[in-house]
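Student: Below is the file run_3.pdb, with PDB, C-alpha atoms, pLDDT in the B column.
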MODEL        1
ATOM      1  CA  MET Y 236     102.538  99.779  67.384  1.00 43.00           C
ATOM      2  CA  SER Y 237     100.023  97.996  65.249  1.00 43.00           C
ATOM      3  CA  ASN Y 238      97.634 100.874  64.504  1.00 43.00           C
ATOM      4  CA  VAL Y 239     100.206 103.504  63.617  1.00 47.00           C
ATOM      5  CA  GLN Y 240     102.945 103.421  61.038  1.00 45.00           C
ATOM      6  CA  LYS Y 241     105.749 105.835  61.511  1.00 48.00           C
ATOM      7  CA  GLY Y 242     108.119 106.434  58.676  1.00 43.00           C
ATOM      8  CA  GLN Y 243     108.582 108.131  55.379  1.00 41.00           C
ATOM      9  CA  ASN Y 244     107.661 107.060  51.882  1.00 41.00           C
ATOM     10  CA  HIS Y 245     110.415 105.481  49.892  1.00 43.00           C
ATOM     11  CA  LYS Y 246     110.372 104.182  46.311  1.00 48.00           C
ATOM     12  CA  ARG Y 247     110.398 100.582  47.511  1.00 55.00           C
ATOM     13  CA  GLY Y 248     107.877 101.004  50.335  1.00 57.00           C
ATOM     14  CA  ILE Y 249     107.782 102.569  53.768  1.00 59.00           C
ATOM     15  CA  MET Y 250     111.038 102.980  55.617  1.00 53.00           C
ATOM     16  CA  GLN Y 251     110.585 102.629  59.366  1.00 64.00           C
ATOM     17  CA  ALA Y 252     111.918 105.526  61.412  1.00 67.00           C
ATOM     18  CA  PRO Y 253     113.070 104.739  64.945  1.00 89.00           C
ATOM     19  CA  TRP Y 254     110.870 105.702  67.883  1.00 92.00           C
ATOM     20  CA  HIS Y 255     112.105 108.334  70.314  1.00 94.00           C
ATOM     21  CA  GLU Y 256     111.345 109.128  73.924  1.00 96.00           C
ATOM     22  CA  GLY Y 257     108.237 111.329  74.036  1.00 96.00           C
ATOM     23  CA  ASP Y 258     106.683 109.947  70.819  1.00 96.00           C
ATOM     24  CA  VAL Y 259     102.998 108.986  71.051  1.00 96.00           C
ATOM     25  CA  ALA Y 260     100.967 106.407  69.102  1.00 95.00           C
ATOM     26  CA  SER Y 261      97.351 105.191  69.144  1.00 95.00           C
ATOM     27  CA  THR Y 262      96.898 101.504  69.931  1.00 94.00           C
ATOM     28  CA  THR Y 263      94.891  99.032  71.990  1.00 96.00           C
ATOM     29  CA  CYS Y 264      96.435  98.232  75.356  1.00 97.00           C
ATOM     30  CA  THR Y 265      97.073  94.512  75.805  1.00 95.00           C
ATOM     31  CA  VAL Y 266      96.676  94.886  79.588  1.00 96.00           C
ATOM     32  CA  CYS Y 267      93.577  97.059  80.152  1.00 97.00           C
ATOM     33  CA  GLY Y 268      92.022  96.466  76.718  1.00 96.00           C
ATOM     34  CA  LYS Y 269      91.254 100.145  76.098  1.00 97.00           C
ATOM     35  CA  GLN Y 270      91.995 102.206  72.995  1.00 97.00           C
ATOM     36  CA  VAL Y 271      94.816 104.429  74.274  1.00 97.00           C
ATOM     37  CA  LYS Y 272      97.635 106.755  73.381  1.00 96.00           C
ATOM     38  CA  ALA Y 273     100.856 104.905  74.095  1.00 96.00           C
ATOM     39  CA  ARG Y 274     103.823 107.093  74.973  1.00 97.00           C
ATOM     40  CA  TYR Y 275     107.430 106.052  74.525  1.00 97.00           C
ATOM     41  CA  GLU Y 276     109.735 106.395  77.500  1.00 97.00           C
ATOM     42  CA  THR Y 277     112.811 104.726  78.930  1.00 97.00           C
ATOM     43  CA  ARG Y 278     112.404 102.234  81.745  1.00 97.00           C
ATOM     44  CA  ASP Y 279     114.327  99.505  83.475  1.00 96.00           C
ATOM     45  CA  ILE Y 280     112.822  96.192  82.406  1.00 94.00           C
ATOM     46  CA  ARG Y 281     113.203  92.606  83.545  1.00 91.00           C
ATOM     47  CA  MET Y 282     112.575  89.803  81.106  1.00 82.00           C
ATOM     48  CA  ASN Y 283     110.171  87.002  82.069  1.00 82.00           C
ATOM     49  CA  ARG Y 284     111.835  84.028  83.763  1.00 82.00           C
ATOM     50  CA  SER Y 285     115.056  85.953  84.253  1.00 81.00           C
ATOM     51  CA  ARG Y 286     116.803  87.836  87.023  1.00 85.00           C
ATOM     52  CA  VAL Y 287     118.536  90.106  84.510  1.00 87.00           C
ATOM     53  CA  THR Y 288     117.388  93.745  84.491  1.00 91.00           C
ATOM     54  CA  PHE Y 289     118.098  95.990  81.499  1.00 94.00           C
ATOM     55  CA  SER Y 290     118.375  99.704  82.225  1.00 94.00           C
ATOM     56  CA  ASN Y 291     117.190 102.629  80.110  1.00 95.00           C
ATOM     57  CA  ILE Y 292     115.283 100.634  77.485  1.00 96.00           C
ATOM     58  CA  LEU Y 293     112.786 102.498  75.274  1.00 97.00           C
ATOM     59  CA  VAL Y 294     109.285 101.008  75.688  1.00 97.00           C
ATOM     60  CA  GLY Y 295     105.695 101.887  74.784  1.00 97.00           C
ATOM     61  CA  VAL Y 296     103.585 102.637  77.880  1.00 98.00           C
ATOM     62  CA  CYS Y 297      99.781 102.701  78.189  1.00 98.00           C
ATOM     63  CA  SER Y 298      98.483 106.179  79.079  1.00 97.00           C
ATOM     64  CA  GLU Y 299      95.610 104.641  81.093  1.00 97.00           C
ATOM     65  CA  CYS Y 300      97.154 101.823  83.193  1.00 98.00           C
ATOM     66  CA  ASP Y 301     100.879 102.741  82.919  1.00 97.00           C
ATOM     67  CA  SER Y 302     101.792  99.192  81.782  1.00 96.00           C
ATOM     68  CA  MET Y 303     104.558  98.448  79.305  1.00 95.00           C
ATOM     69  CA  ILE Y 304     102.703  97.406  76.139  1.00 95.00           C
ATOM     70  CA  SER Y 305     105.316  97.445  73.385  1.00 93.00           C
ATOM     71  CA  LEU Y 306     109.005  97.132  72.701  1.00 93.00           C
ATOM     72  CA  PRO Y 307     110.226  98.939  69.579  1.00 94.00           C
ATOM     73  CA  ARG Y 308     112.670  97.228  67.220  1.00 91.00           C
ATOM     74  CA  GLN Y 309     115.615  99.329  68.280  1.00 92.00           C
ATOM     75  CA  SER Y 310     115.043  98.260  71.907  1.00 94.00           C
ATOM     76  CA  ILE Y 311     115.064  94.580  70.929  1.00 92.00           C
ATOM     77  CA  ALA Y 312     118.398  95.130  69.190  1.00 91.00           C
ATOM     78  CA  GLN Y 313     119.692  96.948  72.281  1.00 91.00           C
ATOM     79  CA  ILE Y 314     118.621  94.064  74.560  1.00 91.00           C
ATOM     80  CA  ARG Y 315     120.287  91.504  72.286  1.00 90.00           C
ATOM     81  CA  GLU Y 316     123.484  93.517  72.354  1.00 89.00           C
ATOM     82  CA  LEU Y 317     123.396  93.893  76.140  1.00 87.00           C
ATOM     83  CA  SER Y 318     122.594  90.186  76.574  1.00 82.00           C
ATOM     84  CA  SER Y 319     125.833  89.221  74.919  1.00 81.00           C
ATOM     85  CA  TRP Y 320     127.705  91.043  77.718  1.00 68.00           C
ATOM     86  CA  LYS Y 321     125.782  89.562  80.665  1.00 52.00           C
TER
ENDMDL
END
Starting from the coordinates I provided, produce the structure as structure tokens.
Tutor:
Amino acid sequence: MSNVQKGQNHKRGIMQAPWHEGDVASTTCTVCGKQVKARYETRDIRMNRSRVTFSNILVGVCSECDSMISLPRQSIAQIRELSSWK
């Protein structure tokens, strides 16, 4: 999420903590354009131009229009790992 940094201070900078289901962050929705609270939840997602569906992936969801608006780093790593098996 661009407007919120989650993590803890570390001598060399900010260490990113992973997002968890139920976490909330303030951001601007890329679909409806509103300033919203995005909530993190697991969903089944299908990548553009692909018939492959990934199950139980953590995503950021707009509280206004219910669209998927972000994909946390740990979910990208999970998708890459799952892609190697498909």
Student: Closest to Arg274 of chain Y among Y:Ile311, Y:Leu306, Y:Val287, Y:Val259, using only C-alpha atoms?
Tutor: Y:Val259
Student: Could you jot down the atom CA of Arg281 of chain Y to atom CA of Ser310 of chain Y separation for me, Å, one decimal place?
Tutor: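 A separation of 13.1 Å between them.
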Student: Given only C-alpha atoms as the basis, pick out the residue of Y:Gln270, Y:Tyr275, Y:Thr288, Y:Asp301 nearest to His255 of chain Y.
Tutor: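 The answer is Y:Tyr275, which sits nearest to His255 of chain Y.
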Student: For the point (96.4, 103.5, 69.1) in file coordinates, what residues are within 7 Å, counting only C-alpha atoms? Give the answer as a PyMOL selection string?
Tutor: chain Y and resi 238-239+260-263+270-273
Student: Quick check, in Å to one decimal: how far apart do atom CA of Glu316 of chain Y and atom CA of Ile304 of chain Y lie?
Tutor: 21.5 Å
Student: Between Y:Thr277, Y:Ser318, Y:Pro253, Y:Cys264, which is the closest to Cys297 of chain Y once you count only C-alpha atoms?
Tutor: Y:Cys264
Student: Distance atom CA of Gly268 of chain Y-atom CA of Arg286 of chain Y, one decimal place?
Tutor: 28.2 Å
Student: Skip Trp254 of chain Y itself and residues of its chain fewer than 4 positions away, then list as JSON, numbers by chain all residues within 8 Å of it, counting all atoms listed in the file.
Tutor: {"Y": [258, 275, 307, 309]}
Student: Given the PyMOL selection byres ((chain Y and resi 289) around 8) and the file above, list the residues it selects as a CSV table (one decimal) with C-alpha atoms, keeping the file's coordinate frame.
Tutor:
chain,number,residue,atom,x,y,z
Y,279,ASP,CA,114.3,99.5,83.5
Y,280,ILE,CA,112.8,96.2,82.4
Y,281,ARG,CA,113.2,92.6,83.5
Y,287,VAL,CA,118.5,90.1,84.5
Y,288,THR,CA,117.4,93.7,84.5
Y,290,SER,CA,118.4,99.7,82.2
Y,291,ASN,CA,117.2,102.6,80.1
Y,292,ILE,CA,115.3,100.6,77.5
Y,314,ILE,CA,118.6,94.1,74.6
Y,317,LEU,CA,123.4,93.9,76.1
Student: Can you list, as a list in words, every protein, DNA or RNA residue that comes within 7 Å of Glu276 of chain Y when you count only C-alpha atoms, leaving out same-chain residues fewer than 5 positions away?
Tutor: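 Everything that qualifies: Glu256, Gly257, Leu293, Val294 and Gly295 of chain Y.
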